[in-house]
$ cat data17.csv   # CSV, C-alpha atoms
chain,number,residue,atom,x,y,z
N,1,MET,CA,97.0,-4.5,-56.4
N,2,ASP,CA,93.7,-4.6,-58.1
N,3,ASN,CA,90.6,-5.8,-56.1
N,4,GLY,CA,90.2,-8.6,-58.6
N,5,ASP,CA,93.6,-10.1,-57.6
N,6,LEU,CA,92.1,-11.3,-54.3
N,7,CYS,CA,88.6,-12.7,-53.7
N,8,LEU,CA,87.2,-10.6,-51.0
N,9,PRO,CA,84.5,-12.1,-48.7
N,10,PHE,CA,82.2,-9.1,-49.1
N,11,LYS,CA,81.2,-7.2,-52.2
N,12,ALA,CA,80.1,-3.7,-53.1
N,13,GLY,CA,76.3,-3.3,-52.8
N,14,GLN,CA,76.0,-6.0,-50.1
N,15,GLU,CA,74.1,-5.2,-46.9
N,16,ALA,CA,76.0,-6.1,-43.7
N,17,GLU,CA,76.7,-5.3,-40.0
N,18,SER,CA,79.9,-3.8,-38.7
N,19,LYS,CA,81.4,-3.3,-35.3
N,20,SER,CA,83.9,-1.0,-33.6
N,21,PHE,CA,86.5,-1.3,-30.8
N,22,ASP,CA,86.1,2.5,-30.1
N,23,GLU,CA,85.1,3.2,-26.5
N,24,GLY,CA,81.4,3.9,-26.2
N,25,PHE,CA,80.5,1.5,-29.0
N,26,ARG,CA,82.1,-1.8,-27.9
N,27,GLY,CA,79.8,-4.8,-28.2
N,28,ALA,CA,77.4,-3.1,-30.7
N,29,TRP,CA,76.6,-4.0,-34.3
N,30,PHE,CA,75.7,-1.3,-36.9
N,31,ARG,CA,73.5,-2.0,-40.0
N,32,CYS,CA,75.3,-0.8,-43.1
N,33,LYS,CA,75.8,-1.1,-46.8
N,34,ILE,CA,79.1,-1.8,-48.5
N,35,LYS,CA,79.8,1.0,-51.0
N,36,ARG,CA,83.2,-0.3,-52.1
N,37,ALA,CA,85.7,-3.0,-51.2
N,38,TRP,CA,89.5,-2.7,-51.6
N,39,ASN,CA,92.8,-4.5,-51.0
N,40,LEU,CA,95.8,-2.3,-50.3
N,41,LYS,CA,99.0,-4.2,-50.0
N,42,GLY,CA,97.3,-7.2,-48.5
N,43,VAL,CA,95.1,-5.0,-46.1
N,44,LEU,CA,91.4,-5.7,-46.8
N,45,GLY,CA,88.9,-2.9,-46.2
N,46,HIS,CA,85.5,-1.6,-47.1
N,47,ARG,CA,83.8,1.8,-47.5
N,48,LEU,CA,80.6,1.7,-45.5
N,49,GLU,CA,77.3,3.7,-45.4
N,50,TYR,CA,75.3,3.3,-42.2
N,51,PHE,CA,71.5,3.0,-42.5
N,52,ASP,CA,70.6,4.3,-39.1
N,53,TYR,CA,73.1,7.2,-39.1
N,54,PRO,CA,72.3,9.1,-42.3
N,55,ASP,CA,74.4,12.1,-41.1
N,56,GLU,CA,77.5,9.9,-40.6
N,57,LYS,CA,80.0,10.3,-43.4
N,58,VAL,CA,80.7,7.2,-45.5
N,59,LYS,CA,83.9,5.8,-44.0
N,60,TRP,CA,86.6,3.3,-44.7
N,61,VAL,CA,86.8,0.3,-42.3
N,62,ARG,CA,89.4,-2.4,-42.1
N,63,LEU,CA,88.0,-5.9,-42.6
N,64,PHE,CA,90.3,-7.3,-39.8
N,65,ASN,CA,91.4,-5.3,-36.8
N,66,CYS,CA,93.5,-5.9,-33.7
N,67,SER,CA,91.6,-7.4,-30.8
N,68,PRO,CA,91.4,-5.3,-27.5
N,69,TYR,CA,91.3,-8.5,-25.4
N,70,GLN,CA,94.2,-9.9,-23.3
N,71,LYS,CA,96.7,-11.5,-25.5
N,72,GLN,CA,98.6,-13.5,-22.9
N,73,GLU,CA,95.9,-16.1,-22.4
N,74,PHE,CA,95.6,-19.3,-24.5
N,75,GLY,CA,99.0,-18.7,-26.0
N,76,LEU,CA,97.6,-16.5,-28.8
N,77,HIS,CA,99.3,-13.3,-29.9
N,78,ASP,CA,98.5,-10.5,-32.3
N,79,LYS,CA,94.9,-11.6,-32.5
N,80,MET,CA,92.8,-10.1,-35.3
N,81,GLU,CA,89.0,-10.0,-35.4
N,82,LEU,CA,86.6,-9.7,-38.2
N,83,MET,CA,84.9,-6.3,-38.2
N,84,LEU,CA,82.2,-7.0,-40.7
N,85,ARG,CA,79.5,-9.8,-41.2
N,86,PRO,CA,76.5,-10.3,-43.4
N,87,SER,CA,73.1,-9.0,-42.5
N,88,TYR,CA,71.3,-10.8,-39.7
N,89,PRO,CA,69.2,-13.8,-41.0
N,90,PRO,CA,65.4,-13.7,-40.8
N,91,PHE,CA,63.9,-14.7,-37.4
N,92,TYR,CA,60.4,-15.3,-36.1
N,93,HIS,CA,58.6,-16.0,-32.9
N,94,ALA,CA,57.4,-19.6,-32.8
N,95,SER,CA,53.8,-18.5,-32.4
N,96,GLU,CA,54.0,-16.1,-35.4
N,97,LEU,CA,55.6,-18.3,-38.1
N,98,PRO,CA,54.2,-17.4,-41.5
N,99,ASP,CA,52.6,-20.1,-43.7
N,100,LYS,CA,55.5,-19.8,-46.1
N,101,LEU,CA,59.0,-19.2,-44.8
N,102,PRO,CA,61.4,-17.0,-46.9
N,103,GLU,CA,64.0,-18.6,-49.0
N,104,SER,CA,67.1,-18.4,-46.8
N,105,ASP,CA,70.0,-20.6,-45.9
N,106,VAL,CA,69.5,-19.8,-42.2
N,107,LEU,CA,66.4,-19.0,-40.1
N,108,VAL,CA,66.1,-18.2,-36.4
N,109,ILE,CA,63.0,-19.4,-34.5
N,110,VAL,CA,62.4,-17.7,-31.1
N,111,ASN,CA,60.2,-19.2,-28.4
N,112,ASP,CA,57.4,-16.9,-27.1
N,113,THR,CA,59.2,-16.2,-23.8
N,114,TRP,CA,62.9,-15.3,-23.2
N,115,GLN,CA,64.8,-17.0,-20.4
N,116,VAL,CA,67.5,-15.8,-17.9
N,117,GLY,CA,70.9,-16.6,-19.5
N,118,ASP,CA,69.8,-16.1,-23.1
N,119,LEU,CA,72.4,-14.2,-25.2
N,120,ILE,CA,70.7,-11.4,-27.0
N,121,ASP,CA,71.2,-8.4,-29.2
N,122,TRP,CA,69.3,-5.3,-27.9
N,123,TRP,CA,68.2,-2.7,-30.4
N,124,TYR,CA,68.9,0.7,-28.9
N,125,ASP,CA,70.1,4.1,-30.2
N,126,GLY,CA,70.4,2.9,-33.8
N,127,CYS,CA,72.4,-0.3,-33.3
N,128,PHE,CA,72.3,-3.8,-31.7
N,129,TRP,CA,74.1,-4.2,-28.4
N,130,SER,CA,75.2,-7.8,-27.5
N,131,GLY,CA,74.5,-8.9,-23.9
N,132,ARG,CA,72.8,-11.4,-21.7
N,133,ILE,CA,69.4,-11.5,-20.0
N,134,THR,CA,69.8,-11.4,-16.2
N,135,HIS,CA,66.2,-10.9,-15.0
N,136,ILE,CA,62.7,-11.3,-16.3
N,137,LEU,CA,60.8,-8.2,-15.2
N,138,GLY,CA,57.4,-8.9,-16.7
N,139,ASN,CA,55.1,-6.6,-18.8
N,140,GLY,CA,57.3,-7.3,-21.8
N,141,GLU,CA,60.5,-6.2,-20.2
N,142,VAL,CA,63.7,-7.9,-19.1
N,143,GLN,CA,67.0,-6.7,-17.5
N,144,ILE,CA,70.1,-7.2,-19.6
N,145,LYS,CA,73.8,-7.0,-18.8
N,146,LEU,CA,76.3,-5.8,-21.4
N,147,PRO,CA,79.8,-7.4,-21.3
N,148,ASP,CA,82.4,-5.6,-19.2
N,149,PRO,CA,85.2,-3.7,-20.9
N,150,PRO,CA,87.1,-4.4,-23.1
N,151,VAL,CA,84.5,-6.8,-24.5
N,152,GLY,CA,81.6,-4.3,-24.2
N,153,GLU,CA,80.5,-1.2,-22.3
N,154,GLY,CA,79.2,-2.9,-19.2
N,155,LEU,CA,76.3,-1.9,-16.9
N,156,SER,CA,72.7,-3.2,-16.8
N,157,TYR,CA,69.7,-1.9,-18.6
N,158,ARG,CA,65.9,-2.4,-18.8
N,159,ALA,CA,65.0,-3.6,-22.3
N,160,LEU,CA,61.7,-4.3,-24.1
N,161,CYS,CA,61.4,-7.8,-25.3
N,162,LYS,CA,60.3,-6.6,-28.7
N,163,ASP,CA,63.7,-4.9,-29.1
N,164,LEU,CA,65.6,-8.2,-28.6
N,165,ARG,CA,67.0,-10.7,-31.1
N,166,PRO,CA,69.1,-13.8,-30.3
N,167,SER,CA,72.9,-13.3,-30.5
N,168,LEU,CA,74.6,-15.2,-33.3
N,169,ASP,CA,78.2,-15.7,-34.1
N,170,TRP,CA,79.5,-15.6,-37.7
N,171,SER,CA,82.8,-16.7,-39.2
N,172,LEU,CA,84.2,-16.9,-42.8
N,173,LYS,CA,84.4,-20.6,-42.6
N,174,ASP,CA,81.3,-21.7,-40.8
N,175,GLY,CA,78.8,-18.9,-41.4
N,176,TRP,CA,76.1,-18.3,-38.8
N,177,MET,CA,76.4,-20.3,-35.5
N,178,VAL,CA,74.9,-20.4,-32.0
N,179,PRO,CA,77.6,-18.8,-29.7
N,180,LEU,CA,80.0,-21.2,-28.1
N,181,SER,CA,79.4,-23.9,-30.7
N,182,GLY,CA,82.5,-26.1,-30.7
N,183,VAL,CA,84.6,-23.6,-28.7
N,184,LEU,CA,87.2,-26.0,-27.3
N,185,THR,CA,87.2,-28.1,-30.6
N,186,PHE,CA,88.4,-24.9,-32.8
N,187,VAL,CA,91.1,-24.2,-30.2
N,188,MET,CA,92.4,-27.7,-30.7
N,189,SER,CA,92.0,-28.2,-34.4
N,190,ALA,CA,92.8,-24.8,-35.9
N,191,ARG,CA,94.3,-25.7,-39.3
N,192,ARG,CA,97.8,-24.6,-40.4
N,193,SER,CA,98.3,-22.5,-43.5
N,194,SER,CA,101.2,-21.1,-45.3
N,195,THR,CA,99.4,-18.0,-46.6
N,196,LEU,CA,99.0,-14.8,-44.5
N,197,GLU,CA,95.4,-14.3,-45.4
N,198,SER,CA,94.4,-17.8,-44.5
N,199,SER,CA,96.3,-17.6,-41.2
N,200,ILE,CA,94.5,-14.4,-40.3
N,201,MET,CA,91.1,-16.1,-41.1
N,202,ASN,CA,92.1,-19.1,-38.9
N,203,LEU,CA,93.1,-16.8,-36.1
N,204,GLU,CA,89.8,-14.9,-36.4
N,205,GLU,CA,87.8,-18.1,-36.0
N,206,VAL,CA,89.7,-19.1,-32.8
N,207,ALA,CA,89.6,-15.6,-31.3
N,208,CYS,CA,85.9,-15.4,-32.0
N,209,ARG,CA,85.1,-18.5,-30.0
N,210,ILE,CA,87.5,-17.5,-27.2
N,211,ARG,CA,85.8,-14.1,-27.1
N,212,TRP,CA,82.4,-15.6,-26.4
N,213,LEU,CA,83.9,-18.1,-23.8
N,214,LYS,CA,85.6,-15.3,-21.9
N,215,GLY,CA,82.5,-13.2,-22.1
N,216,LEU,CA,80.4,-16.0,-20.6
N,217,LEU,CA,82.8,-16.6,-17.8
N,218,LYS,CA,82.7,-12.9,-16.9
N,219,PHE,CA,78.9,-13.2,-16.8
N,220,GLY,CA,79.2,-16.1,-14.4
N,221,PHE,CA,77.4,-18.6,-16.5
N,222,GLN,CA,76.6,-22.0,-15.0
N,223,ARG,CA,76.8,-25.3,-17.0
N,224,SER,CA,73.0,-25.4,-17.4
N,225,ASP,CA,73.1,-22.0,-19.0
N,226,LEU,CA,75.4,-23.2,-21.7
N,227,ILE,CA,73.1,-26.2,-22.6
N,228,ILE,CA,69.6,-24.7,-22.4
N,229,SER,CA,68.5,-22.2,-25.0
N,230,SER,CA,65.1,-20.7,-25.7
N,231,TRP,CA,65.6,-20.5,-29.4
N,232,LYS,CA,66.8,-22.5,-32.4
N,233,LEU,CA,68.9,-22.0,-35.5
N,234,LEU,CA,67.4,-23.6,-38.6
N,235,GLU,CA,69.5,-24.4,-41.6
N,236,THR,CA,68.2,-25.2,-45.1
N,237,GLY,CA,64.7,-25.9,-43.8
N,238,GLU,CA,65.7,-28.5,-41.2
N,239,GLU,CA,65.9,-28.0,-37.4
N,240,HIS,CA,69.6,-28.0,-36.4
N,241,LEU,CA,70.6,-26.7,-33.0
N,242,ARG,CA,74.3,-26.1,-33.2
N,243,ARG,CA,75.5,-26.8,-29.7

$ encode --input "data17.csv" --output "structure tokens"
Amino acid sequence: MDNGDLCLPFKAGQEAESKSFDEGFRGAWFRCKIKRAWNLKGVLGHRLEYFDYPDEKVKWVRLFNCSPYQKQEFGLHDKMELMLRPSYPPFYHASELPDKLPESDVLVIVNDTWQVGDLIDWWYDGCFWSGRITHILGNGEVQIKLPDPPVGEGLSYRALCKDLRPSLDWSLKDGWMVPLSGVLTFVMSARRSSTLESSIMNLEEVACRIRWLKGLLKFGFQRSDLIISSWKLLETGEEHLRR
């Protein structure tokens, strides 16, 4: 089947971020460029070049892959997850906003101080590791906790605040979102579809929200942690906190 027979969500030449379920890299996002997109008998994939690993060979990556999480819960089976997403949107500290914001559908505005409980991505060793702030250490440092296996690699680390960005969720249907946005509502209203590709996309959306919910439960989040956030997601120039 020719690539033109199916509209792929990502195109050759597009910058993106990819993830892996391989042990040692779970919970990390890697900056990359799509060299080629293909569809082989209904299996979507992309050939990726990694910006921060120039010695890494260009490799083929499936667009959807089997989730490593427990499949017995929530009555879901054979869960698939999206392994690729667009480049992270522009983000700024509130005190450092430029006079003219860039033309972008989504902007992330970060307060001058991080808070315990914030979900973050930590830039370390050439990739962004998703985790949660557990302590404010001062002097521009915080302590973060990575999700336990199989969600992430676990353990706690000291991190510089300058190396942090807010964690965002992304799906084919809704685009960029604050994690946990409408979690229980996608579980309840996942639409039915007669096509295999649409069914996979629906399952990815539900699994993505369940992943964040289970990760937060493992971190021991309290209700207040789910409501309060020290940053905002702005869409099309208007403040819109997606909670």

$ residues_around --input "data17.csv" --residues "N:Tyr50" --least-positions-apart "4" --cutoff "8 Å" --atoms "only C-alpha atoms" --output "list in words"
Phe30, Arg31, Cys32, Lys33, Pro54, Glu56 and Val58 of chain N

$ atom_distance --input "data17.csv" --atom1 "atom CA of N:Gly152" --atom2 "atom CA of N:Val61"
19.4 Å

$ closest_residue --input "data17.csv" --among "N:Val108, N:Leu48, N:Cys66, N:Ile120" --to "N:Arg132" --atoms "only C-alpha atoms"
N:Ile120

$ closest_residue --input "data17.csv" --among "N:Val106, N:Val142, N:Leu82, N:Cys127" --to "N:Val178" --atoms "all atoms listed in the file"
N:Val106

$ residues_around --input "data17.csv" --residues "N:Glu96" --least-positions-apart "5" --cutoff "10 Å" --atoms "all atoms listed in the file" --output "list in words"
Ile109, Val110, Asn111 and Asp112 of chain N

$ atom_distance --input "data17.csv" --atom1 "atom CA of N:Pro147" --atom2 "atom CA of N:Lys162"
20.9 Å

$ closest_residue --input "data17.csv" --among "N:Lys100, N:Arg26, N:Lys11, N:His46" --to "N:Gly154" --atoms "all atoms listed in the file"
N:Arg26

$ atom_distance --input "data17.csv" --atom1 "atom CA of N:Asn39" --atom2 "atom CA of N:Glu23"
26.8 Å

$ build_atoms --input "data17.csv" --residues "stretch 14-36 of chain N" --atoms "N, CA, C and O atoms" --output "PDB file, keeping the file's coordinate frame"
ATOM      1  N   GLN N  14      76.484  -4.994 -51.077  1.00  0.00           N
ATOM      2  CA  GLN N  14      76.000  -6.000 -50.100  1.00  0.00           C
ATOM      3  C   GLN N  14      75.607  -5.265 -48.799  1.00  0.00           C
ATOM      4  O   GLN N  14      76.319  -4.387 -48.326  1.00  0.00           O
ATOM      5  N   GLU N  15      74.469  -5.659 -48.194  1.00  0.00           N
ATOM      6  CA  GLU N  15      74.100  -5.200 -46.900  1.00  0.00           C
ATOM      7  C   GLU N  15      74.824  -6.019 -45.823  1.00  0.00           C
ATOM      8  O   GLU N  15      75.015  -7.226 -46.012  1.00  0.00           O
ATOM      9  N   ALA N  16      75.219  -5.386 -44.722  1.00  0.00           N
ATOM     10  CA  ALA N  16      76.000  -6.100 -43.700  1.00  0.00           C
ATOM     11  C   ALA N  16      75.841  -5.430 -42.359  1.00  0.00           C
ATOM     12  O   ALA N  16      75.005  -4.523 -42.187  1.00  0.00           O
ATOM     13  N   GLU N  17      76.603  -5.910 -41.378  1.00  0.00           N
ATOM     14  CA  GLU N  17      76.700  -5.300 -40.000  1.00  0.00           C
ATOM     15  C   GLU N  17      78.150  -5.154 -39.687  1.00  0.00           C
ATOM     16  O   GLU N  17      78.953  -6.049 -39.966  1.00  0.00           O
ATOM     17  N   SER N  18      78.489  -4.031 -39.083  1.00  0.00           N
ATOM     18  CA  SER N  18      79.900  -3.800 -38.700  1.00  0.00           C
ATOM     19  C   SER N  18      79.956  -3.471 -37.221  1.00  0.00           C
ATOM     20  O   SER N  18      78.970  -3.102 -36.581  1.00  0.00           O
ATOM     21  N   LYS N  19      81.157  -3.628 -36.671  1.00  0.00           N
ATOM     22  CA  LYS N  19      81.400  -3.300 -35.300  1.00  0.00           C
ATOM     23  C   LYS N  19      82.613  -2.448 -35.118  1.00  0.00           C
ATOM     24  O   LYS N  19      83.375  -2.248 -36.076  1.00  0.00           O
ATOM     25  N   SER N  20      82.804  -1.936 -33.899  1.00  0.00           N
ATOM     26  CA  SER N  20      83.900  -1.000 -33.600  1.00  0.00           C
ATOM     27  C   SER N  20      84.511  -1.364 -32.270  1.00  0.00           C
ATOM     28  O   SER N  20      83.816  -1.831 -31.370  1.00  0.00           O
ATOM     29  N   PHE N  21      85.810  -1.115 -32.117  1.00  0.00           N
ATOM     30  CA  PHE N  21      86.500  -1.300 -30.800  1.00  0.00           C
ATOM     31  C   PHE N  21      86.594   0.079 -30.104  1.00  0.00           C
ATOM     32  O   PHE N  21      87.208   0.169 -29.050  1.00  0.00           O
ATOM     33  N   ASP N  22      86.013   1.132 -30.684  1.00  0.00           N
ATOM     34  CA  ASP N  22      86.100   2.500 -30.100  1.00  0.00           C
ATOM     35  C   ASP N  22      85.279   2.481 -28.771  1.00  0.00           C
ATOM     36  O   ASP N  22      84.162   1.949 -28.711  1.00  0.00           O
ATOM     37  N   GLU N  23      85.826   3.094 -27.733  1.00  0.00           N
ATOM     38  CA  GLU N  23      85.100   3.200 -26.500  1.00  0.00           C
ATOM     39  C   GLU N  23      83.798   3.912 -26.630  1.00  0.00           C
ATOM     40  O   GLU N  23      83.709   4.939 -27.296  1.00  0.00           O
ATOM     41  N   GLY N  24      82.754   3.355 -26.031  1.00  0.00           N
ATOM     42  CA  GLY N  24      81.400   3.900 -26.200  1.00  0.00           C
ATOM     43  C   GLY N  24      80.577   3.122 -27.173  1.00  0.00           C
ATOM     44  O   GLY N  24      79.353   3.259 -27.186  1.00  0.00           O
ATOM     45  N   PHE N  25      81.223   2.291 -27.998  1.00  0.00           N
ATOM     46  CA  PHE N  25      80.500   1.500 -29.000  1.00  0.00           C
ATOM     47  C   PHE N  25      80.903   0.044 -29.001  1.00  0.00           C
ATOM     48  O   PHE N  25      80.511  -0.707 -29.877  1.00  0.00           O
ATOM     49  N   ARG N  26      81.665  -0.375 -27.978  1.00  0.00           N
ATOM     50  CA  ARG N  26      82.100  -1.800 -27.900  1.00  0.00           C
ATOM     51  C   ARG N  26      80.934  -2.705 -27.657  1.00  0.00           C
ATOM     52  O   ARG N  26      80.096  -2.443 -26.824  1.00  0.00           O
ATOM     53  N   GLY N  27      80.892  -3.787 -28.408  1.00  0.00           N
ATOM     54  CA  GLY N  27      79.800  -4.800 -28.200  1.00  0.00           C
ATOM     55  C   GLY N  27      78.563  -4.451 -29.037  1.00  0.00           C
ATOM     56  O   GLY N  27      77.541  -5.107 -28.840  1.00  0.00           O
ATOM     57  N   ALA N  28      78.616  -3.476 -29.937  1.00  0.00           N
ATOM     58  CA  ALA N  28      77.400  -3.100 -30.700  1.00  0.00           C
ATOM     59  C   ALA N  28      77.672  -3.428 -32.202  1.00  0.00           C
ATOM     60  O   ALA N  28      78.794  -3.378 -32.710  1.00  0.00           O
ATOM     61  N   TRP N  29      76.559  -3.765 -32.888  1.00  0.00           N
ATOM     62  CA  TRP N  29      76.600  -4.000 -34.300  1.00  0.00           C
ATOM     63  C   TRP N  29      75.745  -2.987 -35.041  1.00  0.00           C
ATOM     64  O   TRP N  29      74.626  -2.691 -34.637  1.00  0.00           O
ATOM     65  N   PHE N  30      76.302  -2.432 -36.122  1.00  0.00           N
ATOM     66  CA  PHE N  30      75.700  -1.300 -36.900  1.00  0.00           C
ATOM     67  C   PHE N  30      75.275  -1.834 -38.261  1.00  0.00           C
ATOM     68  O   PHE N  30      76.092  -2.413 -38.984  1.00  0.00           O
ATOM     69  N   ARG N  31      74.027  -1.593 -38.631  1.00  0.00           N
ATOM     70  CA  ARG N  31      73.500  -2.000 -40.000  1.00  0.00           C
ATOM     71  C   ARG N  31      74.154  -1.040 -41.007  1.00  0.00           C
ATOM     72  O   ARG N  31      74.178   0.176 -40.819  1.00  0.00           O
ATOM     73  N   CYS N  32      74.629  -1.611 -42.100  1.00  0.00           N
ATOM     74  CA  CYS N  32      75.300  -0.800 -43.100  1.00  0.00           C
ATOM     75  C   CYS N  32      75.217  -1.400 -44.488  1.00  0.00           C
ATOM     76  O   CYS N  32      74.726  -2.519 -44.665  1.00  0.00           O
ATOM     77  N   LYS N  33      75.686  -0.662 -45.449  1.00  0.00           N
ATOM     78  CA  LYS N  33      75.800  -1.100 -46.800  1.00  0.00           C
ATOM     79  C   LYS N  33      77.193  -0.890 -47.316  1.00  0.00           C
ATOM     80  O   LYS N  33      77.781   0.166 -47.068  1.00  0.00           O
ATOM     81  N   ILE N  34      77.744  -1.883 -47.991  1.00  0.00           N
ATOM     82  CA  ILE N  34      79.100  -1.800 -48.500  1.00  0.00           C
ATOM     83  C   ILE N  34      79.086  -1.000 -49.811  1.00  0.00           C
ATOM     84  O   ILE N  34      78.461  -1.411 -50.785  1.00  0.00           O
ATOM     85  N   LYS N  35      79.757   0.135 -49.823  1.00  0.00           N
ATOM     86  CA  LYS N  35      79.800   1.000 -51.000  1.00  0.00           C
ATOM     87  C   LYS N  35      80.956   0.559 -51.944  1.00  0.00           C
ATOM     88  O   LYS N  35      80.852   0.669 -53.161  1.00  0.00           O
ATOM     89  N   ARG N  36      82.049   0.074 -51.321  1.00  0.00           N
ATOM     90  CA  ARG N  36      83.200  -0.300 -52.100  1.00  0.00           C
ATOM     91  C   ARG N  36      84.103  -1.217 -51.280  1.00  0.00           C
ATOM     92  O   ARG N  36      84.160  -1.074 -50.059  1.00  0.00           O
TER      93      ARG N  36
END
